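Input: a single structure, listed below in structure tokens.
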Amino acid sequence: MSSVKNILLYLGWALLWAGVQTVVIYQAGFAVELAWKDASLSSGLVVSSGYVMSLALRFYRPGGRQVVYLMGWSLGVAMISLVLWDTGMEYLLGAQKEYLAFVDKTFFVRLAFAWLMILFIVLQNWLWFYARGKQEAEERKTATEKLAREAELFNLRQQLQPHFLFNSLNSISALVKTQPDQAKKMVQQLSDFLRGTLRKDDQTMVPLADELQHLQIYLEIEKVRFGHRLQTQVDYQEESLKGTLPYLLLQPIVENAIKFGLYDTIDDILIKITATMQDSMLVISTLNPFDSALLQHKQGTGFGLDSVRRRLYLLYARTDLLSTHQQDNVFITTVKIPQKS
């Protein structure tokens, strides 16, 4: 609550209760003017005391097990306000002994009421500050987790790019002397690929159409490296092109498929990529041939799929979005991307 709204709320509360108290005292047989002076002074002191204590809570807030302290503080403040009220009434009433006797008679009732009113104000503010503190703590925790998640995602991206870049540079180095035209072509394609990566560096999600276009540049680079041995096929449903996915997600998957499909054979291979929409999910499968005997001797599936799995978890908090399985002599990697409705 802003300070202005807070003050207006307390003033409205003081006026309301002063009016109620005036009616009660008037019905006890005293003049309206006298009742209003009494009610205004006592209500003003009680509400002002509660407001002062609420200001103190901005700087010191007892924990949940220390609420008893608030009860003691509010009782002490109520006694101080009642002493001030009694002194003020004697000054305002002068020699009106009948009303002074009424004041003395109702002192402890007023004390109990003042204590309860101040305690109510204090507890109300304490609960509000406590709830706001919890909310701010949750917001800080969420912001910290988001920053940590974004930092890890950035780190994964930074690891992926050199991983691919080193392989490409090694291939360019091998082609410079034997096939300079191919080396030149590969340098240009690599430049286009990296330029596209930099343009999308601040984008978390991209349409599948853009991702496939970027992936095609990567595949052209790989085809320069492996020549006719590497064949690719991309099939997709038209509606899937509008689906979104984390940018540069497919490149490490396809790189993994090329590694396990091509590196241990001298035959031509076909890497097949399919994209469909299934139950508000963008489903992309990458298929590559493999030799099961050779695969058993390789350690894991490499950094690529691990990074994809980690990115998907950081973005969607799910561990079931990337799966792999074998069917005959085909290794299939399937990734599912939830789509916003």
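Please note that chains go A, B, ... in the order of the structure tokens, that every chain numbers its residues from 1, and that ligands are numbered from 1 in the order shown.
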Contacts of region 248-259 of chain A within 7 Å, only C-alpha atoms, excl. fewer than 4 positions in-chain, as a list in words
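Selected residues are Glu211, Leu215, Tyr263, Thr286, Asn288, Gly304, Leu305 and Val308 of chain A.
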Write the selection just made, keeping C-alpha atoms, as a PDB file, in the first residue's frame?
```pdb
ATOM      1  CA  GLU A 211      15.038 -23.776 -38.113  1.00  0.00           C
ATOM      2  CA  LEU A 215      19.641 -26.605 -40.695  1.00  0.00           C
ATOM      3  CA  TYR A 263      31.738 -42.252 -39.436  1.00  0.00           C
ATOM      4  CA  THR A 286      15.700 -37.976 -37.072  1.00  0.00           C
ATOM      5  CA  ASN A 288      19.967 -42.677 -39.406  1.00  0.00           C
ATOM      6  CA  GLY A 304      24.963 -33.281 -28.619  1.00  0.00           C
ATOM      7  CA  LEU A 305      21.978 -35.252 -27.314  1.00  0.00           C
ATOM      8  CA  VAL A 308      19.492 -31.084 -26.201  1.00  0.00           C
TER       9      VAL A 308
END
```
Write down as a ChimeraX atom specification the residues of region 165-309 of chain A whose backbone DSSP state falls under helix (DSSP H, G or I).
/A:165-178,180-199,208-229,238-242,250-262,292-295,302-309
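Near Pro338 (chain A), within a cut-off of 8 Å and counting only C-alpha atoms, sit the residues A:Ser280, A:Met281, A:Leu282, with same-chain residues fewer than 5 positions away left out.
Distance check against Thr276 (chain A) using only C-alpha atoms: of A:Leu262, A:Leu175, A:Leu312, A:Val335, the minimum falls on A:Val335.
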Region 122-131 of chain A environment, 7 Å, only C-alpha atoms, sequence neighbours closer than 6 positions dropped, as a VMD selection string
chain A and resid 50 53 to 54 57
Find the spatial neighbours of Thr22 (chain A), counting only C-alpha atoms, within a cut-off of 12 Å - ignore same-chain residues fewer than 6 positions away - and output them as a ChimeraX atom specification.
/A:14-16,28-43
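Residues within 7 Å of region 68-72 of chain A, counting only C-alpha atoms and excluding same-chain residues fewer than 3 positions away, are Leu75, Gly76 and Leu119 of chain A.
Going from CA of Asp320 (chain A) to CA of Met277 (chain A) covers 16.9 Å.
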